[in-house]
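Below: the structure, in structure tokens.
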Amino acid sequence: MPIRREDRHFYPIDWRELSAAIRFGRAKGRCEHCGRPHGQTVHHLGDGRWFDEEVERWRDGRGRLIRKSSLPDPRSAQSELIVATTLVRIACAHLDQDTSNNDYSNLAALCQRCHLDHDRPWNLEKRRLTLLLRRALGDLFSGPYRR
């Protein structure tokens, strides 16, 4: 995920090299949570299950093979209504949300889905704080906050 201009000073100068070492050196171009490959288009069902072209089987949201054979074959024309596709991009994520902690044990190579799942509690808390700040500013400058 690209770093916003106003947040660049939180990252070290060699962040590109450090990120590449995690994503392609340690993780070998795959998500460390679910195993999705970087730069490839994968078929998925929207709930985390995705089709692994290498082994020609479905995997769950954690990357484990699914034994059920009742899932559709994504390469058939009939499954186009059920199966969606996504281009996978691997990003380097801070597991403790602290961008100054660049220890290898604190960094993980995650795809878009896993990165958003991992950051969900943090993003919900930021959203809550933003709403509270807006309400406080509304009280301060324009009287009681209107809903």
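By order of appearance in the structure tokens: chains A, B, ..., then residues from 1 within every chain, and ligands from 1 in the order shown.
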
Extract the full set of strand (DSSP E) residues from segment 27-117 of chain A according to DSSP on the backbone, and format it as a ChimeraX atom specification. /A:41-44,50-52,57-59,84-87,91-94,107-110

At a cut-off of 8 Å, using only C-alpha atoms, what residues contact Thr41 of chain A? Leave out same-chain residues fewer than 3 positions from it and give the result as a PyMOL selection string. chain A and resi 85-88

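Within 8 Å of Glu32 of chain A, once only C-alpha atoms are used and residues closer than 6 positions along the same chain are dropped, the contacting residues are Ala108, Ala109 and Leu110 of chain A.
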
Quick one: everything within 12 Å of segment 113-127 of chain A, counting only C-alpha atoms, minus sequence neighbours fewer than 3 positions away in the same chain. Send it as a PyMOL selection string. chain A and resi 1+30-36+44+46-50+61-63+86-98+107-110+130-134

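Close contacts of segment 68-74 of chain A, defined as residues with an atom at most 12 Å away when counting only C-alpha atoms, with chain neighbours fewer than 5 positions off set aside, comprise Thr41, Val42, His43, His44, Leu45, Arg49, Trp50, Phe51, Asp52, Glu53, Glu56, Arg57, Trp58, Arg59, Asp60, Ser79, Glu80, Leu81, Ile82, Val83, Ala84 and Thr85 of chain A.
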
Restrict the selected residues to N, CA, C and O atoms and save them as an mmCIF file, in the first residue's frame.
data_model
loop_
_atom_site.group_PDB
_atom_site.id
_atom_site.type_symbol
_atom_site.label_atom_id
_atom_site.label_comp_id
_atom_site.auth_asym_id
_atom_site.auth_seq_id
_atom_site.Cartn_x
_atom_site.Cartn_y
_atom_site.Cartn_z
ATOM 1 N N THR A 41 -3.623 -12.793 -10.779
ATOM 2 C CA THR A 41 -5.061 -12.660 -10.623
ATOM 3 C C THR A 41 -5.599 -13.974 -10.093
ATOM 4 O O THR A 41 -5.349 -15.028 -10.687
ATOM 5 N N VAL A 42 -6.276 -13.927 -8.964
ATOM 6 C CA VAL A 42 -6.818 -15.146 -8.361
ATOM 7 C C VAL A 42 -8.344 -15.098 -8.391
ATOM 8 O O VAL A 42 -8.952 -14.032 -8.324
ATOM 9 N N HIS A 43 -8.939 -16.277 -8.494
ATOM 10 C CA HIS A 43 -10.391 -16.421 -8.406
ATOM 11 C C HIS A 43 -10.747 -16.576 -6.943
ATOM 12 O O HIS A 43 -10.069 -17.310 -6.207
ATOM 13 N N HIS A 44 -11.810 -15.901 -6.495
ATOM 14 C CA HIS A 44 -12.207 -16.001 -5.093
ATOM 15 C C HIS A 44 -13.718 -15.952 -4.977
ATOM 16 O O HIS A 44 -14.423 -15.557 -5.903
ATOM 17 N N LEU A 45 -14.221 -16.364 -3.826
ATOM 18 C CA LEU A 45 -15.659 -16.390 -3.584
ATOM 19 C C LEU A 45 -16.131 -15.224 -2.736
ATOM 20 O O LEU A 45 -17.302 -15.136 -2.404
ATOM 21 N N ARG A 49 -12.201 -17.604 0.589
ATOM 22 C CA ARG A 49 -11.809 -18.794 -0.173
ATOM 23 C C ARG A 49 -11.325 -18.363 -1.550
ATOM 24 O O ARG A 49 -11.944 -17.529 -2.201
ATOM 25 N N TRP A 50 -10.202 -18.941 -1.997
ATOM 26 C CA TRP A 50 -9.624 -18.581 -3.277
ATOM 27 C C TRP A 50 -9.053 -19.822 -3.956
ATOM 28 O O TRP A 50 -8.748 -20.813 -3.313
ATOM 29 N N PHE A 51 -8.967 -19.783 -5.272
ATOM 30 C CA PHE A 51 -8.521 -20.925 -6.069
ATOM 31 C C PHE A 51 -7.036 -20.796 -6.335
ATOM 32 O O PHE A 51 -6.567 -19.808 -6.898
ATOM 33 N N ASP A 52 -6.278 -21.821 -5.941
ATOM 34 C CA ASP A 52 -4.832 -21.847 -6.145
ATOM 35 C C ASP A 52 -4.557 -22.566 -7.462
ATOM 36 O O ASP A 52 -4.781 -23.771 -7.590
ATOM 37 N N GLU A 53 -4.081 -21.830 -8.452
ATOM 38 C CA GLU A 53 -3.830 -22.398 -9.779
ATOM 39 C C GLU A 53 -2.720 -23.439 -9.763
ATOM 40 O O GLU A 53 -2.740 -24.369 -10.562
ATOM 41 N N GLU A 56 -4.381 -26.460 -8.276
ATOM 42 C CA GLU A 56 -5.713 -26.606 -8.853
ATOM 43 C C GLU A 56 -6.749 -27.035 -7.819
ATOM 44 O O GLU A 56 -7.567 -27.918 -8.056
ATOM 45 N N ARG A 57 -6.700 -26.359 -6.656
ATOM 46 C CA ARG A 57 -7.670 -26.609 -5.588
ATOM 47 C C ARG A 57 -7.982 -25.307 -4.879
ATOM 48 O O ARG A 57 -7.233 -24.337 -4.968
ATOM 49 N N TRP A 58 -9.100 -25.298 -4.175
ATOM 50 C CA TRP A 58 -9.520 -24.134 -3.400
ATOM 51 C C TRP A 58 -8.792 -24.103 -2.068
ATOM 52 O O TRP A 58 -8.485 -25.145 -1.495
ATOM 53 N N ARG A 59 -8.524 -22.887 -1.588
ATOM 54 C CA ARG A 59 -7.933 -22.688 -0.270
ATOM 55 C C ARG A 59 -8.866 -21.800 0.543
ATOM 56 O O ARG A 59 -9.608 -21.001 -0.007
ATOM 57 N N ASP A 60 -8.795 -21.938 1.876
ATOM 58 C CA ASP A 60 -9.615 -21.077 2.734
ATOM 59 C C ASP A 60 -8.878 -19.768 3.003
ATOM 60 O O ASP A 60 -7.809 -19.516 2.444
ATOM 61 N N SER A 79 -19.362 -20.778 -13.843
ATOM 62 C CA SER A 79 -19.006 -20.238 -12.532
ATOM 63 C C SER A 79 -18.770 -18.731 -12.544
ATOM 64 O O SER A 79 -18.458 -18.153 -11.517
ATOM 65 N N GLU A 80 -18.909 -18.069 -13.686
ATOM 66 C CA GLU A 80 -18.637 -16.632 -13.759
ATOM 67 C C GLU A 80 -19.577 -15.816 -12.880
ATOM 68 O O GLU A 80 -19.234 -14.728 -12.443
ATOM 69 N N LEU A 81 -20.763 -16.338 -12.602
ATOM 70 C CA LEU A 81 -21.711 -15.604 -11.770
ATOM 71 C C LEU A 81 -21.326 -15.645 -10.298
ATOM 72 O O LEU A 81 -21.642 -14.743 -9.544
ATOM 73 N N ILE A 82 -20.643 -16.692 -9.886
ATOM 74 C CA ILE A 82 -20.324 -16.894 -8.478
ATOM 75 C C ILE A 82 -18.911 -16.411 -8.145
ATOM 76 O O ILE A 82 -18.684 -15.781 -7.131
ATOM 77 N N VAL A 83 -17.964 -16.698 -9.030
ATOM 78 C CA VAL A 83 -16.552 -16.475 -8.753
ATOM 79 C C VAL A 83 -16.109 -15.118 -9.277
ATOM 80 O O VAL A 83 -16.384 -14.762 -10.419
ATOM 81 N N ALA A 84 -15.423 -14.354 -8.445
ATOM 82 C CA ALA A 84 -14.855 -13.057 -8.834
ATOM 83 C C ALA A 84 -13.335 -13.201 -8.955
ATOM 84 O O ALA A 84 -12.767 -14.197 -8.517
ATOM 85 N N THR A 85 -12.696 -12.217 -9.531
ATOM 86 C CA THR A 85 -11.239 -12.236 -9.643
ATOM 87 C C THR A 85 -10.658 -10.988 -8.998
ATOM 88 O O THR A 85 -11.298 -9.938 -8.945
#

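Coordinates place atom CA of Thr99 of chain A at a distance of 13.5 Å from atom CA of Arg16 of chain A.
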
Do a neighbour search on segment 10-13 of chain A at 7 Å with only C-alpha atoms, toss out local chain neighbours closer than 2 positions, and write the hits as a list in words.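 After dropping sequence-adjacent residues, the list is Asp7, Arg8, Trp15, Thr99 and Ser100 of chain A.
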
Closest of A:His9, A:Ile22, A:Arg4, A:His38 to Asn106 of chain A - atom-to-atom distances counting only C-alpha atoms: A:Ile22

Between A:Arg26, A:Ala20, A:Ile66, A:Leu137, which is the closest to Ser105 of chain A once you count only C-alpha atoms? A:Arg26

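Between atom CA of Phe24 of chain A and atom CA of Asn102 of chain A there is a distance of 16.4 Å.
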
If you run DSSP on the backbone here, which positions in chain A get alpha helix (DSSP H)? Please write them as a PyMOL selection string. chain A and resi 15-20+112-142

Write a file of the selected residues as a CSV table (one decimal), in the first residue's frame, keeping N, CA and C atoms.
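So part.csv came out as:
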chain,number,residue,atom,x,y,z
A,15,TRP,N,13.1,2.2,3.5
A,15,TRP,CA,11.8,1.4,3.6
A,15,TRP,C,11.6,0.5,2.4
A,16,ARG,N,11.9,1.1,1.2
A,16,ARG,CA,11.6,0.3,0.0
A,16,ARG,C,12.4,-1.0,0.0
A,17,GLU,N,13.7,-0.9,0.4
A,17,GLU,CA,14.5,-2.1,0.4
A,17,GLU,C,14.1,-3.1,1.6
A,18,LEU,N,13.8,-2.5,2.7
A,18,LEU,CA,13.3,-3.3,3.8
A,18,LEU,C,12.0,-4.0,3.5
A,19,SER,N,11.1,-3.3,2.9
A,19,SER,CA,9.8,-3.9,2.4
A,19,SER,C,10.0,-5.0,1.4
A,20,ALA,N,10.9,-4.8,0.4
A,20,ALA,CA,11.2,-5.8,-0.6
A,20,ALA,C,11.8,-7.0,0.0
A,112,GLN,N,-3.9,-7.6,0.1
A,112,GLN,CA,-4.9,-6.6,0.4
A,112,GLN,C,-5.9,-7.0,1.5
A,113,ARG,N,-6.4,-8.2,1.2
A,113,ARG,CA,-7.5,-8.7,2.1
A,113,ARG,C,-7.0,-8.9,3.5
A,114,CYS,N,-5.8,-9.6,3.7
A,114,CYS,CA,-5.3,-9.9,5.0
A,114,CYS,C,-4.8,-8.6,5.7
A,115,HIS,N,-4.3,-7.6,4.9
A,115,HIS,CA,-3.9,-6.4,5.5
A,115,HIS,C,-5.1,-5.6,6.1
A,116,LEU,N,-6.2,-5.6,5.3
A,116,LEU,CA,-7.4,-4.9,5.8
A,116,LEU,C,-7.9,-5.6,7.0
A,117,ASP,N,-8.0,-7.0,7.0
A,117,ASP,CA,-8.5,-7.7,8.1
A,117,ASP,C,-7.6,-7.5,9.4
A,118,HIS,N,-6.3,-7.4,9.2
A,118,HIS,CA,-5.4,-7.2,10.3
A,118,HIS,C,-5.6,-5.8,10.9
A,119,ASP,N,-5.8,-4.8,10.0
A,119,ASP,CA,-5.9,-3.4,10.4
A,119,ASP,C,-7.3,-3.0,10.8
A,120,ARG,N,-8.3,-3.8,10.7
A,120,ARG,CA,-9.7,-3.5,11.0
A,120,ARG,C,-9.9,-2.9,12.4
A,121,PRO,N,-9.4,-3.5,13.4
A,121,PRO,CA,-9.6,-2.9,14.8
A,121,PRO,C,-9.0,-1.5,14.9
A,122,TRP,N,-7.8,-1.3,14.3
A,122,TRP,CA,-7.2,0.0,14.4
A,122,TRP,C,-7.9,1.0,13.6
A,123,ASN,N,-8.4,0.6,12.4
A,123,ASN,CA,-9.2,1.6,11.5
A,123,ASN,C,-10.5,1.9,12.2
A,124,LEU,N,-11.2,1.0,12.8
A,124,LEU,CA,-12.4,1.3,13.5
A,124,LEU,C,-12.2,2.3,14.6
A,125,GLU,N,-11.1,2.1,15.4
A,125,GLU,CA,-10.8,3.1,16.5
A,125,GLU,C,-10.4,4.4,15.9
A,126,LYS,N,-9.7,4.5,14.8
A,126,LYS,CA,-9.4,5.8,14.2
A,126,LYS,C,-10.7,6.5,13.7
A,127,ARG,N,-11.6,5.7,13.2
A,127,ARG,CA,-12.9,6.3,12.7
A,127,ARG,C,-13.7,6.8,13.9
A,128,ARG,N,-13.7,6.1,15.0
A,128,ARG,CA,-14.4,6.5,16.2
A,128,ARG,C,-13.8,7.8,16.7
A,129,LEU,N,-12.5,7.9,16.8
A,129,LEU,CA,-11.9,9.1,17.3
A,129,LEU,C,-12.1,10.3,16.3
A,130,THR,N,-12.1,10.1,15.0
A,130,THR,CA,-12.4,11.1,14.1
A,130,THR,C,-13.8,11.7,14.3
A,131,LEU,N,-14.8,10.8,14.5
A,131,LEU,CA,-16.2,11.2,14.7
A,131,LEU,C,-16.3,12.0,16.0
A,132,LEU,N,-15.6,11.6,17.0
A,132,LEU,CA,-15.6,12.3,18.3
A,132,LEU,C,-15.0,13.7,18.1
A,133,LEU,N,-13.9,13.8,17.4
A,133,LEU,CA,-13.3,15.1,17.2
A,133,LEU,C,-14.1,16.0,16.3
A,134,ARG,N,-14.8,15.5,15.3
A,134,ARG,CA,-15.7,16.3,14.6
A,134,ARG,C,-16.9,16.9,15.4
A,135,ARG,N,-17.4,16.0,16.3
A,135,ARG,CA,-18.5,16.4,17.2
A,135,ARG,C,-18.0,17.5,18.1
A,136,ALA,N,-16.8,17.4,18.7
A,136,ALA,CA,-16.2,18.4,19.6
A,136,ALA,C,-16.0,19.7,18.9
A,137,LEU,N,-15.5,19.6,17.6
A,137,LEU,CA,-15.3,20.9,16.9
A,137,LEU,C,-16.7,21.5,16.6
A,138,GLY,N,-17.7,20.7,16.3
A,138,GLY,CA,-19.0,21.3,16.0
A,138,GLY,C,-19.5,22.0,17.3
A,139,ASP,N,-19.3,21.4,18.4
A,139,ASP,CA,-19.8,22.0,19.7
A,139,ASP,C,-19.0,23.3,19.9
A,140,LEU,N,-17.8,23.3,19.6
A,140,LEU,CA,-16.9,24.5,19.9
A,140,LEU,C,-17.2,25.7,19.0
A,141,PHE,N,-17.4,25.5,17.7
A,141,PHE,CA,-17.6,26.6,16.8
A,141,PHE,C,-19.0,26.9,16.4
A,142,SER,N,-19.9,25.9,16.3
A,142,SER,CA,-21.2,26.2,15.8
A,142,SER,C,-22.3,25.7,16.7

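Taking atom CA of Gly39 of chain A as the reference point, atom CA of Leu65 of chain A is found at 20.9 Å.
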